[in-house]
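Coordinates from structure-v2.cif are shown below (mmCIF, N, CA and C atoms).
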data_entry
loop_
_atom_site.label_atom_id
_atom_site.label_comp_id
_atom_site.auth_asym_id
_atom_site.auth_seq_id
_atom_site.Cartn_x
_atom_site.Cartn_y
_atom_site.Cartn_z
N MET O 1 -49.71 21.14 65.83
CA MET O 1 -48.39 21.09 66.42
C MET O 1 -48.15 19.67 66.94
N ARG O 2 -47.03 19.16 66.59
CA ARG O 2 -46.68 17.81 67.01
C ARG O 2 -46.06 17.85 68.39
N ARG O 3 -46.58 17.01 69.26
CA ARG O 3 -46.11 16.99 70.64
C ARG O 3 -44.95 16.01 70.78
N ARG O 4 -43.90 16.46 71.40
CA ARG O 4 -42.75 15.58 71.62
C ARG O 4 -42.99 14.72 72.84
N SER O 5 -42.70 13.44 72.71
CA SER O 5 -42.87 12.58 73.87
C SER O 5 -41.64 12.70 74.77
N ARG O 6 -41.86 12.54 76.04
CA ARG O 6 -40.75 12.60 76.99
C ARG O 6 -39.98 11.29 76.91
N ARG O 7 -38.70 11.40 76.70
CA ARG O 7 -37.85 10.22 76.59
C ARG O 7 -37.50 9.70 77.96
N ARG O 8 -37.73 8.44 78.19
CA ARG O 8 -37.40 7.85 79.47
C ARG O 8 -36.05 7.14 79.38
N PRO O 9 -35.29 7.18 80.47
CA PRO O 9 -34.02 6.45 80.46
C PRO O 9 -34.28 4.95 80.38
N ARG O 10 -33.40 4.26 79.68
CA ARG O 10 -33.55 2.81 79.54
C ARG O 10 -32.33 2.13 80.12
N ASN O 11 -32.56 0.97 80.67
CA ASN O 11 -31.42 0.18 81.15
C ASN O 11 -30.73 -0.41 79.94
N VAL O 12 -29.45 -0.24 79.85
CA VAL O 12 -28.69 -0.81 78.74
C VAL O 12 -28.18 -2.15 79.21
N ARG O 13 -28.55 -3.18 78.49
CA ARG O 13 -28.16 -4.52 78.87
C ARG O 13 -26.89 -4.89 78.13
N ARG O 14 -25.79 -4.93 78.84
CA ARG O 14 -24.51 -5.22 78.22
C ARG O 14 -24.23 -6.70 78.15
N ALA O 15 -24.79 -7.45 79.05
CA ALA O 15 -24.55 -8.89 79.06
C ALA O 15 -25.89 -9.59 79.20
N SER O 16 -26.05 -10.65 78.49
CA SER O 16 -27.30 -11.40 78.58
C SER O 16 -27.14 -12.55 79.54
N ARG O 17 -28.22 -13.21 79.85
CA ARG O 17 -28.22 -14.37 80.71
C ARG O 17 -27.27 -15.42 80.17
N HIS O 18 -27.22 -15.58 78.86
CA HIS O 18 -26.38 -16.60 78.25
C HIS O 18 -24.89 -16.27 78.33
N ASP O 19 -24.56 -14.99 78.46
CA ASP O 19 -23.16 -14.62 78.67
C ASP O 19 -22.66 -15.20 79.98
N GLY O 20 -23.52 -15.17 81.00
CA GLY O 20 -23.17 -15.77 82.28
C GLY O 20 -22.95 -17.26 82.14
N ASP O 21 -23.81 -17.92 81.36
CA ASP O 21 -23.64 -19.36 81.12
C ASP O 21 -22.26 -19.64 80.54
N ALA O 22 -21.89 -18.87 79.52
CA ALA O 22 -20.60 -19.09 78.86
C ALA O 22 -19.46 -18.89 79.84
N LEU O 23 -19.55 -17.89 80.68
CA LEU O 23 -18.50 -17.64 81.66
C LEU O 23 -18.44 -18.75 82.70
N ALA O 24 -19.60 -19.17 83.19
CA ALA O 24 -19.63 -20.25 84.18
C ALA O 24 -19.12 -21.55 83.58
N LEU O 25 -19.49 -21.84 82.34
CA LEU O 25 -19.01 -23.05 81.68
C LEU O 25 -17.49 -23.00 81.48
N ALA O 26 -16.95 -21.79 81.35
CA ALA O 26 -15.50 -21.63 81.19
C ALA O 26 -14.79 -21.67 82.54
N GLY O 27 -15.56 -21.79 83.63
CA GLY O 27 -14.97 -21.92 84.95
C GLY O 27 -15.06 -20.69 85.83
N ALA O 28 -15.74 -19.64 85.39
CA ALA O 28 -15.86 -18.43 86.21
C ALA O 28 -16.59 -18.75 87.51
N GLU O 29 -16.05 -18.25 88.61
CA GLU O 29 -16.64 -18.48 89.92
C GLU O 29 -17.30 -17.23 90.48
N VAL O 30 -16.94 -16.07 89.92
CA VAL O 30 -17.50 -14.79 90.35
C VAL O 30 -17.86 -14.01 89.09
N LEU O 31 -19.09 -13.54 89.02
CA LEU O 31 -19.54 -12.72 87.89
C LEU O 31 -19.73 -11.28 88.38
N LEU O 32 -19.15 -10.32 87.68
CA LEU O 32 -19.30 -8.91 88.02
C LEU O 32 -20.35 -8.31 87.10
N VAL O 33 -21.37 -7.68 87.69
CA VAL O 33 -22.49 -7.16 86.92
C VAL O 33 -22.73 -5.70 87.29
N PRO O 34 -21.95 -4.76 86.74
CA PRO O 34 -22.20 -3.34 87.04
C PRO O 34 -23.46 -2.86 86.33
N ALA O 35 -24.19 -1.97 86.98
CA ALA O 35 -25.44 -1.50 86.37
C ALA O 35 -25.88 -0.17 86.95
N ALA O 36 -26.83 0.43 86.27
CA ALA O 36 -27.47 1.65 86.73
C ALA O 36 -28.97 1.49 86.49
N PHE O 37 -29.63 0.76 87.35
CA PHE O 37 -31.07 0.56 87.22
C PHE O 37 -31.82 1.81 87.65
N THR O 38 -32.91 2.11 86.97
CA THR O 38 -33.74 3.23 87.41
C THR O 38 -34.38 2.86 88.75
N GLN O 39 -34.87 3.85 89.45
CA GLN O 39 -35.48 3.62 90.76
C GLN O 39 -36.62 2.60 90.66
N SER O 40 -37.52 2.77 89.71
CA SER O 40 -38.69 1.88 89.63
C SER O 40 -38.33 0.46 89.22
N THR O 41 -37.46 0.31 88.21
CA THR O 41 -37.11 -1.05 87.79
C THR O 41 -36.19 -1.71 88.82
N GLY O 42 -35.36 -0.92 89.48
CA GLY O 42 -34.50 -1.47 90.52
C GLY O 42 -35.31 -2.04 91.67
N GLU O 43 -36.29 -1.27 92.14
CA GLU O 43 -37.14 -1.74 93.23
C GLU O 43 -37.86 -3.03 92.85
N ALA O 44 -38.28 -3.12 91.61
CA ALA O 44 -39.05 -4.28 91.17
C ALA O 44 -38.20 -5.50 90.84
N HIS O 45 -37.00 -5.30 90.27
CA HIS O 45 -36.27 -6.43 89.68
C HIS O 45 -34.83 -6.66 90.10
N TRP O 46 -34.15 -5.67 90.65
CA TRP O 46 -32.70 -5.76 90.88
C TRP O 46 -32.31 -7.00 91.68
N HIS O 47 -32.87 -7.17 92.87
CA HIS O 47 -32.52 -8.33 93.70
C HIS O 47 -32.88 -9.64 93.00
N THR O 48 -34.06 -9.69 92.44
CA THR O 48 -34.53 -10.92 91.79
C THR O 48 -33.62 -11.34 90.64
N LEU O 49 -33.27 -10.39 89.77
CA LEU O 49 -32.43 -10.72 88.62
C LEU O 49 -31.03 -11.17 89.04
N LEU O 50 -30.44 -10.49 90.01
CA LEU O 50 -29.09 -10.87 90.43
C LEU O 50 -29.08 -12.20 91.16
N ARG O 51 -30.10 -12.46 91.97
CA ARG O 51 -30.17 -13.76 92.64
C ARG O 51 -30.36 -14.86 91.60
N ALA O 52 -31.15 -14.60 90.57
CA ALA O 52 -31.35 -15.59 89.50
C ALA O 52 -30.05 -15.86 88.76
N ARG O 53 -29.27 -14.79 88.45
CA ARG O 53 -27.98 -14.99 87.76
C ARG O 53 -27.05 -15.87 88.60
N ALA O 54 -27.01 -15.62 89.91
CA ALA O 54 -26.14 -16.41 90.79
C ALA O 54 -26.58 -17.87 90.80
N ILE O 55 -27.86 -18.11 90.94
CA ILE O 55 -28.37 -19.48 91.03
C ILE O 55 -28.18 -20.23 89.72
N GLU O 56 -28.54 -19.62 88.59
CA GLU O 56 -28.48 -20.35 87.33
C GLU O 56 -27.04 -20.61 86.87
N ASN O 57 -26.09 -19.81 87.37
CA ASN O 57 -24.68 -20.02 87.02
C ASN O 57 -23.89 -20.65 88.15
N LEU O 58 -24.55 -20.86 89.30
CA LEU O 58 -23.90 -21.42 90.48
C LEU O 58 -22.57 -20.74 90.72
N ALA O 59 -22.64 -19.40 90.76
CA ALA O 59 -21.46 -18.57 90.95
C ALA O 59 -21.83 -17.38 91.82
N TYR O 60 -20.83 -16.76 92.42
CA TYR O 60 -21.08 -15.52 93.14
C TYR O 60 -21.36 -14.43 92.11
N VAL O 61 -22.24 -13.52 92.48
CA VAL O 61 -22.50 -12.34 91.66
C VAL O 61 -22.19 -11.12 92.52
N VAL O 62 -21.30 -10.27 92.02
CA VAL O 62 -20.97 -9.02 92.69
C VAL O 62 -21.43 -7.92 91.75
N ALA O 63 -22.32 -7.06 92.25
CA ALA O 63 -22.96 -6.08 91.38
C ALA O 63 -22.82 -4.66 91.95
N PRO O 64 -21.78 -3.92 91.52
CA PRO O 64 -21.72 -2.51 91.90
C PRO O 64 -22.85 -1.76 91.21
N ALA O 65 -23.33 -0.72 91.84
CA ALA O 65 -24.47 0.01 91.26
C ALA O 65 -24.32 1.50 91.54
N THR O 66 -24.79 2.32 90.62
CA THR O 66 -24.74 3.76 90.82
C THR O 66 -25.84 4.20 91.78
N VAL O 67 -25.58 5.28 92.49
CA VAL O 67 -26.58 5.85 93.40
C VAL O 67 -26.75 7.33 93.08
N ARG O 68 -27.84 7.88 93.53
CA ARG O 68 -28.09 9.30 93.32
C ARG O 68 -27.08 10.12 94.09
N SER O 69 -26.66 11.22 93.51
CA SER O 69 -25.74 12.12 94.20
C SER O 69 -26.52 12.95 95.22
N PRO O 70 -26.00 13.04 96.45
CA PRO O 70 -26.69 13.87 97.45
C PRO O 70 -26.42 15.36 97.25
N SER O 71 -25.43 15.68 96.43
CA SER O 71 -25.04 17.07 96.22
C SER O 71 -25.89 17.72 95.14
N PRO O 72 -26.44 18.90 95.42
CA PRO O 72 -27.25 19.58 94.40
C PRO O 72 -26.43 20.07 93.21
N GLU O 73 -25.10 20.17 93.36
CA GLU O 73 -24.29 20.63 92.24
C GLU O 73 -24.13 19.55 91.16
N TYR O 74 -24.41 18.29 91.49
CA TYR O 74 -24.36 17.21 90.50
C TYR O 74 -25.77 16.76 90.18
N THR O 75 -26.09 16.77 88.92
CA THR O 75 -27.42 16.29 88.54
C THR O 75 -27.26 14.97 87.79
N ASP O 76 -28.03 14.01 88.20
CA ASP O 76 -27.99 12.70 87.56
C ASP O 76 -28.88 12.71 86.33
N ALA O 77 -28.54 11.89 85.35
CA ALA O 77 -29.36 11.79 84.14
C ALA O 77 -30.74 11.25 84.49
N PHE O 78 -30.80 10.34 85.45
CA PHE O 78 -32.06 9.79 85.93
C PHE O 78 -31.81 9.22 87.32
N PRO O 79 -32.85 9.14 88.14
CA PRO O 79 -32.67 8.60 89.49
C PRO O 79 -32.37 7.10 89.43
N THR O 80 -31.28 6.69 90.06
CA THR O 80 -30.90 5.29 90.05
C THR O 80 -31.20 4.63 91.39
N TYR O 81 -31.29 3.32 91.36
CA TYR O 81 -31.71 2.54 92.52
C TYR O 81 -30.59 2.31 93.53
N GLY O 82 -29.36 2.17 93.07
CA GLY O 82 -28.27 1.86 93.99
C GLY O 82 -28.30 0.40 94.39
N HIS O 83 -28.11 0.12 95.65
CA HIS O 83 -28.15 -1.24 96.19
C HIS O 83 -27.11 -2.17 95.56
N ALA O 84 -25.84 -1.79 95.66
CA ALA O 84 -24.79 -2.71 95.24
C ALA O 84 -24.96 -4.00 96.04
N LEU O 85 -24.83 -5.14 95.36
CA LEU O 85 -25.09 -6.43 96.02
C LEU O 85 -23.94 -7.40 95.83
N ALA O 86 -23.84 -8.33 96.77
CA ALA O 86 -23.03 -9.53 96.62
C ALA O 86 -23.97 -10.69 96.91
N VAL O 87 -24.01 -11.67 96.00
CA VAL O 87 -24.96 -12.78 96.10
C VAL O 87 -24.20 -14.10 96.01
N SER O 88 -24.58 -15.07 96.84
CA SER O 88 -23.92 -16.38 96.86
C SER O 88 -24.44 -17.26 95.72
N PRO O 89 -23.75 -18.36 95.43
CA PRO O 89 -24.22 -19.28 94.38
C PRO O 89 -25.61 -19.87 94.66
N TRP O 90 -26.06 -19.82 95.90
CA TRP O 90 -27.40 -20.31 96.26
C TRP O 90 -28.43 -19.19 96.22
N GLY O 91 -28.02 -17.97 95.86
CA GLY O 91 -28.95 -16.86 95.76
C GLY O 91 -29.13 -16.08 97.04
N GLU O 92 -28.30 -16.34 98.04
CA GLU O 92 -28.39 -15.62 99.30
C GLU O 92 -27.70 -14.26 99.14
N VAL O 93 -28.38 -13.19 99.52
CA VAL O 93 -27.78 -11.85 99.46
C VAL O 93 -26.81 -11.72 100.63
N LEU O 94 -25.53 -11.60 100.32
CA LEU O 94 -24.49 -11.51 101.34
C LEU O 94 -24.25 -10.07 101.78
N ALA O 95 -24.50 -9.12 100.89
CA ALA O 95 -24.33 -7.70 101.21
C ALA O 95 -25.23 -6.88 100.32
N ASP O 96 -25.84 -5.85 100.89
CA ASP O 96 -26.66 -4.89 100.16
C ASP O 96 -26.29 -3.52 100.70
N LEU O 97 -25.67 -2.69 99.87
CA LEU O 97 -25.17 -1.40 100.34
C LEU O 97 -26.22 -0.29 100.29
N GLY O 98 -27.43 -0.62 99.96
CA GLY O 98 -28.50 0.36 99.99
C GLY O 98 -28.28 1.54 99.06
N GLU O 99 -28.71 2.72 99.49
CA GLU O 99 -28.63 3.91 98.65
C GLU O 99 -27.59 4.91 99.14
N SER O 100 -26.74 4.50 100.05
CA SER O 100 -25.72 5.39 100.57
C SER O 100 -24.75 5.79 99.46
N PRO O 101 -24.42 7.09 99.34
CA PRO O 101 -23.50 7.52 98.28
C PRO O 101 -22.06 7.05 98.51
N ALA O 102 -21.73 6.69 99.75
CA ALA O 102 -20.37 6.23 100.03
C ALA O 102 -20.46 5.07 101.03
N ALA O 103 -20.44 3.86 100.51
CA ALA O 103 -20.54 2.69 101.38
C ALA O 103 -19.55 1.63 100.92
N VAL O 104 -18.97 0.93 101.87
CA VAL O 104 -18.02 -0.13 101.57
C VAL O 104 -18.31 -1.29 102.51
N GLU O 105 -18.30 -2.48 101.98
CA GLU O 105 -18.40 -3.67 102.81
C GLU O 105 -17.48 -4.73 102.21
N VAL O 106 -16.70 -5.35 103.05
CA VAL O 106 -15.81 -6.41 102.60
C VAL O 106 -16.54 -7.73 102.81
N VAL O 107 -16.63 -8.51 101.74
CA VAL O 107 -17.32 -9.80 101.79
C VAL O 107 -16.32 -10.87 101.39
N THR O 108 -16.21 -11.89 102.20
CA THR O 108 -15.32 -13.00 101.87
C THR O 108 -16.09 -13.98 101.01
N LEU O 109 -15.54 -14.29 99.85
CA LEU O 109 -16.18 -15.24 98.93
C LEU O 109 -15.47 -16.58 99.05
N ASP O 110 -16.18 -17.58 99.53
CA ASP O 110 -15.63 -18.91 99.70
C ASP O 110 -15.79 -19.66 98.37
N LEU O 111 -14.72 -19.73 97.59
CA LEU O 111 -14.81 -20.35 96.28
C LEU O 111 -15.07 -21.85 96.35
N ASP O 112 -14.80 -22.47 97.50
CA ASP O 112 -15.17 -23.88 97.68
C ASP O 112 -16.69 -24.06 97.65
N ALA O 113 -17.41 -23.02 98.02
CA ALA O 113 -18.88 -23.08 97.97
C ALA O 113 -19.37 -23.18 96.53
N VAL O 114 -18.64 -22.60 95.60
CA VAL O 114 -19.00 -22.70 94.18
C VAL O 114 -18.84 -24.15 93.73
N ASP O 115 -17.71 -24.76 94.07
CA ASP O 115 -17.49 -26.17 93.72
C ASP O 115 -18.56 -27.07 94.34
N ALA O 116 -18.87 -26.81 95.60
CA ALA O 116 -19.88 -27.62 96.29
C ALA O 116 -21.25 -27.49 95.62
N ALA O 117 -21.62 -26.26 95.25
CA ALA O 117 -22.92 -26.03 94.60
C ALA O 117 -22.96 -26.71 93.23
N ARG O 118 -21.86 -26.60 92.49
CA ARG O 118 -21.83 -27.20 91.15
C ARG O 118 -21.79 -28.71 91.20
N THR O 119 -21.25 -29.27 92.28
CA THR O 119 -21.26 -30.72 92.45
C THR O 119 -22.66 -31.20 92.82
N LYS O 120 -23.32 -30.44 93.69
CA LYS O 120 -24.65 -30.81 94.18
C LYS O 120 -25.71 -30.69 93.08
N LEU O 121 -25.62 -29.64 92.28
CA LEU O 121 -26.57 -29.41 91.20
C LEU O 121 -25.83 -29.49 89.87
N SER O 122 -26.34 -30.28 88.98
CA SER O 122 -25.66 -30.47 87.70
C SER O 122 -26.20 -29.55 86.60
N VAL O 123 -26.66 -28.39 86.98
CA VAL O 123 -27.27 -27.45 86.04
C VAL O 123 -26.37 -27.16 84.84
N LEU O 124 -25.11 -26.86 85.09
CA LEU O 124 -24.22 -26.47 84.01
C LEU O 124 -23.83 -27.64 83.12
N ARG O 125 -23.92 -28.86 83.63
CA ARG O 125 -23.57 -30.02 82.80
C ARG O 125 -24.57 -30.23 81.67
N GLY O 126 -25.79 -29.75 81.85
CA GLY O 126 -26.82 -29.96 80.84
C GLY O 126 -26.91 -28.85 79.81
N VAL O 127 -26.08 -27.82 79.94
CA VAL O 127 -26.13 -26.69 79.01
C VAL O 127 -25.46 -27.08 77.70
N ARG O 128 -26.20 -26.89 76.62
CA ARG O 128 -25.65 -27.19 75.30
C ARG O 128 -25.27 -25.89 74.61
N GLY O 129 -24.17 -25.90 73.93
CA GLY O 129 -23.68 -24.70 73.26
C GLY O 129 -24.57 -24.27 72.11
N ALA O 130 -24.43 -23.01 71.73
CA ALA O 130 -25.23 -22.45 70.64
C ALA O 130 -24.96 -23.15 69.32
N ALA O 131 -23.79 -23.76 69.16
CA ALA O 131 -23.45 -24.43 67.90
C ALA O 131 -24.40 -25.58 67.60
N ILE O 132 -24.96 -26.18 68.61
CA ILE O 132 -25.89 -27.29 68.43
C ILE O 132 -27.13 -26.84 67.66
N TYR O 133 -27.53 -25.60 67.89
CA TYR O 133 -28.77 -25.10 67.30
C TYR O 133 -28.57 -24.45 65.93
N GLY O 134 -27.37 -24.40 65.44
CA GLY O 134 -27.12 -23.81 64.14
C GLY O 134 -26.82 -22.33 64.26
N SER O 135 -26.49 -21.73 63.15
CA SER O 135 -26.05 -20.35 63.18
C SER O 135 -27.18 -19.34 63.04
N GLY O 136 -28.33 -19.76 62.62
CA GLY O 136 -29.42 -18.80 62.43
C GLY O 136 -30.75 -19.39 62.83
N PRO O 137 -31.78 -18.57 62.78
CA PRO O 137 -33.11 -19.08 63.15
C PRO O 137 -33.63 -20.06 62.10
N LYS O 138 -34.41 -20.98 62.55
CA LYS O 138 -35.06 -21.93 61.64
C LYS O 138 -36.50 -21.49 61.43
N VAL O 139 -36.96 -21.61 60.21
CA VAL O 139 -38.33 -21.24 59.89
C VAL O 139 -39.18 -22.50 59.94
N ILE O 140 -40.23 -22.44 60.72
CA ILE O 140 -41.14 -23.58 60.83
C ILE O 140 -42.49 -23.12 60.30
N SER O 141 -43.02 -23.84 59.31
CA SER O 141 -44.32 -23.50 58.74
C SER O 141 -45.38 -24.33 59.41
N VAL O 142 -46.45 -23.67 59.78
CA VAL O 142 -47.59 -24.35 60.40
C VAL O 142 -48.81 -24.04 59.55
N SER O 143 -49.48 -25.10 59.14
CA SER O 143 -50.69 -24.88 58.35
C SER O 143 -51.91 -25.21 59.18
N SER O 144 -52.98 -24.54 58.86
CA SER O 144 -54.22 -24.78 59.57
C SER O 144 -54.97 -25.91 58.85
N ARG O 145 -55.46 -26.85 59.61
CA ARG O 145 -56.25 -27.92 59.01
C ARG O 145 -57.32 -28.36 59.99
N THR O 146 -58.37 -28.88 59.48
CA THR O 146 -59.44 -29.37 60.34
C THR O 146 -59.19 -30.84 60.64
N THR O 147 -59.56 -31.26 61.82
CA THR O 147 -59.31 -32.62 62.23
C THR O 147 -60.54 -33.49 62.10
N GLY O 148 -61.67 -32.91 61.79
CA GLY O 148 -62.89 -33.70 61.67
C GLY O 148 -63.55 -33.95 63.03
N VAL O 149 -63.01 -33.38 64.05
CA VAL O 149 -63.59 -33.55 65.38
C VAL O 149 -64.43 -32.32 65.67
N SER O 150 -65.64 -32.54 66.05
CA SER O 150 -66.50 -31.39 66.37
C SER O 150 -66.62 -31.27 67.87
N ALA O 151 -66.82 -30.03 68.30
CA ALA O 151 -66.91 -29.76 69.74
C ALA O 151 -68.32 -29.81 70.21
#

Take the structure in this file and express it as structure tokens.
Amino acid sequence: MRRRSRRRPRNVRRASRHDGDALALAGAEVLLVPAAFTQSTGEAHWHTLLRARAIENLAYVVAPATVRSPSPEYTDAFPTYGHALAVSPWGEVLADLGESPAAVEVVTLDLDAVDAARTKLSVLRGVRGAAIYGSGPKVISVSSRTTGVSA
């Protein structure tokens, strides 16, 4: 008898790190990153990834997140981490709504801080577009050869 493996929920990545680059290069000052991280991956990576997105794009990151329902009549597909966040261009967490099923916090985003950060750090000025690298992967052949040097 063949045993069926238990399927685990996976985080669906809708936007990549480079999507943020493109938005920041186009002038975006606030990036919205909705997600539903599982409890274990959220605890391990949620804050770190969002702070990294804010820093590398020198933009605010606002990340709404799903939370577990406290009501037994609603069953979630998988336990989610919650912790909706607002992060500054320097990676400072401005708000963390935790796991509360109903939480609201108003955060003022100073868009002048984005300009100041982008002036101070020239990270985005050094980003080269994908067109520079061509449209597809390049194949590089490496052959093994001896150098005549003995160890």

From the options O:Val87, O:Ser71, O:Gly82, O:Ala113, which residue's atoms come nearest to Ser100 of chain O, counting only C-alpha atoms?
O:Gly82

Please determine, counting only C-alpha atoms, which residue among O:Ala95, O:Leu32, O:Leu85, O:Leu111 has the shortest atom-to-atom distance to Trp46 of chain O.
O:Leu85

Enter the distance from atom N of Gln39 of chain O to atom CA of Phe78 of chain O, in Å, rounded to one decimal.
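Distance reported for this atom pair: 7.5 Å.
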
Suppose you want the space between atom CA of His45 of chain O and atom CA of Arg125 of chain O; what is it in Å?
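Interatomic distance here is 27.7 Å.
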
Per residue of segment 81-112 of chain O within 6 Å of segment 47-62 of chain O, record the nearest atom pair and its distance in Å to one decimal, counting all atoms listed in the file, with rows in chain order and ascending residue number, as JSON lines.
{"residue": "O:Leu85", "atom": "C", "partner": "O:Val62", "partner_atom": "CA", "distance": 4.6}
{"residue": "O:Ala86", "atom": "CA", "partner": "O:Val62", "partner_atom": "CA", "distance": 4.5}
{"residue": "O:Val87", "atom": "N", "partner": "O:Val61", "partner_atom": "C", "distance": 4.0}
{"residue": "O:Ser88", "atom": "C", "partner": "O:Tyr60", "partner_atom": "CA", "distance": 4.6}
{"residue": "O:Pro89", "atom": "CA", "partner": "O:Ala59", "partner_atom": "N", "distance": 4.0}
{"residue": "O:Trp90", "atom": "C", "partner": "O:Ile55", "partner_atom": "CA", "distance": 5.2}
{"residue": "O:Gly91", "atom": "CA", "partner": "O:Arg51", "partner_atom": "CA", "distance": 4.6}

Ser40 of chain O surroundings by all atoms listed in the file, 8 Å radius, close-in-sequence under 6 positions cut, as a tab-separated table (two decimals) with N, CA and C atoms, keeping the file's coordinate frame:
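Done, and the output landed in result_33.tsv:
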chain	number	residue	atom	x	y	z
O	46	TRP	N	-34.15	-5.67	90.65
O	46	TRP	CA	-32.70	-5.76	90.88
O	46	TRP	C	-32.31	-7.00	91.68
O	79	PRO	N	-32.85	9.14	88.14
O	79	PRO	CA	-32.67	8.60	89.49
O	79	PRO	C	-32.37	7.10	89.43
O	80	THR	N	-31.28	6.69	90.06
O	80	THR	CA	-30.90	5.29	90.05
O	80	THR	C	-31.20	4.63	91.39
O	81	TYR	N	-31.29	3.32	91.36
O	81	TYR	CA	-31.71	2.54	92.52
O	81	TYR	C	-30.59	2.31	93.53

When you draw a straight line from atom N of Asp96 of chain O to atom CA of Asp21 of chain O, how long is it in Å?
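If I compute the distance from atom N of Asp96 of chain O to atom CA of Asp21 of chain O, I get 24.0 Å.
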
From a backbone DSSP assignment, name each residue in segment 37-101 of chain O labelled alpha helix (DSSP H), as a VMD selection string.
chain O and resid 39 to 41 47 to 57

Distance criterion (only C-alpha atoms): nearest to Ala35 of chain O out of O:Leu109, O:Glu73, O:His83, O:Ala22:
O:His83

Taking only segment 53-112 of chain O into account, list the residues labelled strand (DSSP E or B) by DSSP (computed from the backbone), as an MDAnalysis selection string.
chainID O and resid 60:63 65 80 85:87 93:96

Nearest to Ala103 of chain O among O:Ala26, O:Ala116, O:Val33, O:Ala65, with distances taken over only C-alpha atoms: which residue is it?
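Using only C-alpha atoms, Ala103 of chain O sits closest to O:Ala65.
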
Kindly complete segment 110-115 of chain O to all heavy atoms; the output should be written as a tab-separated table (two decimals), in the frame of the given file.
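Result saved to out_36.tsv:
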chain	number	residue	atom	x	y	z
O	110	ASP	N	-16.18	-17.58	99.53
O	110	ASP	CA	-15.63	-18.91	99.70
O	110	ASP	C	-15.79	-19.66	98.37
O	110	ASP	O	-16.87	-20.15	98.06
O	110	ASP	CB	-16.36	-19.63	100.83
O	110	ASP	CG	-15.90	-21.06	101.02
O	110	ASP	OD1	-14.91	-21.48	100.40
O	110	ASP	OD2	-16.56	-21.77	101.81
O	111	LEU	N	-14.72	-19.73	97.59
O	111	LEU	CA	-14.81	-20.35	96.28
O	111	LEU	C	-15.07	-21.85	96.35
O	111	LEU	O	-15.54	-22.44	95.38
O	111	LEU	CB	-13.55	-20.04	95.46
O	111	LEU	CG	-13.32	-18.54	95.22
O	111	LEU	CD1	-12.08	-18.32	94.36
O	111	LEU	CD2	-14.53	-17.89	94.57
O	112	ASP	N	-14.80	-22.47	97.50
O	112	ASP	CA	-15.17	-23.88	97.68
O	112	ASP	C	-16.69	-24.06	97.65
O	112	ASP	O	-17.19	-25.11	97.27
O	112	ASP	CB	-14.60	-24.44	98.99
O	112	ASP	CG	-13.08	-24.58	98.95
O	112	ASP	OD1	-12.52	-24.68	97.83
O	112	ASP	OD2	-12.46	-24.56	100.03
O	113	ALA	N	-17.41	-23.02	98.02
O	113	ALA	CA	-18.88	-23.08	97.97
O	113	ALA	C	-19.37	-23.18	96.53
O	113	ALA	O	-20.40	-23.81	96.26
O	113	ALA	CB	-19.49	-21.85	98.64
O	114	VAL	N	-18.64	-22.60	95.60
O	114	VAL	CA	-19.00	-22.70	94.18
O	114	VAL	C	-18.84	-24.15	93.73
O	114	VAL	O	-19.74	-24.72	93.11
O	114	VAL	CB	-18.13	-21.77	93.31
O	114	VAL	CG1	-18.40	-21.99	91.83
O	114	VAL	CG2	-18.36	-20.31	93.68
O	115	ASP	N	-17.71	-24.76	94.07
O	115	ASP	CA	-17.49	-26.17	93.72
O	115	ASP	C	-18.56	-27.07	94.34
O	115	ASP	O	-19.08	-27.96	93.68
O	115	ASP	CB	-16.10	-26.64	94.17
O	115	ASP	CG	-14.99	-26.00	93.36
O	115	ASP	OD1	-15.24	-25.61	92.20
O	115	ASP	OD2	-13.87	-25.88	93.90
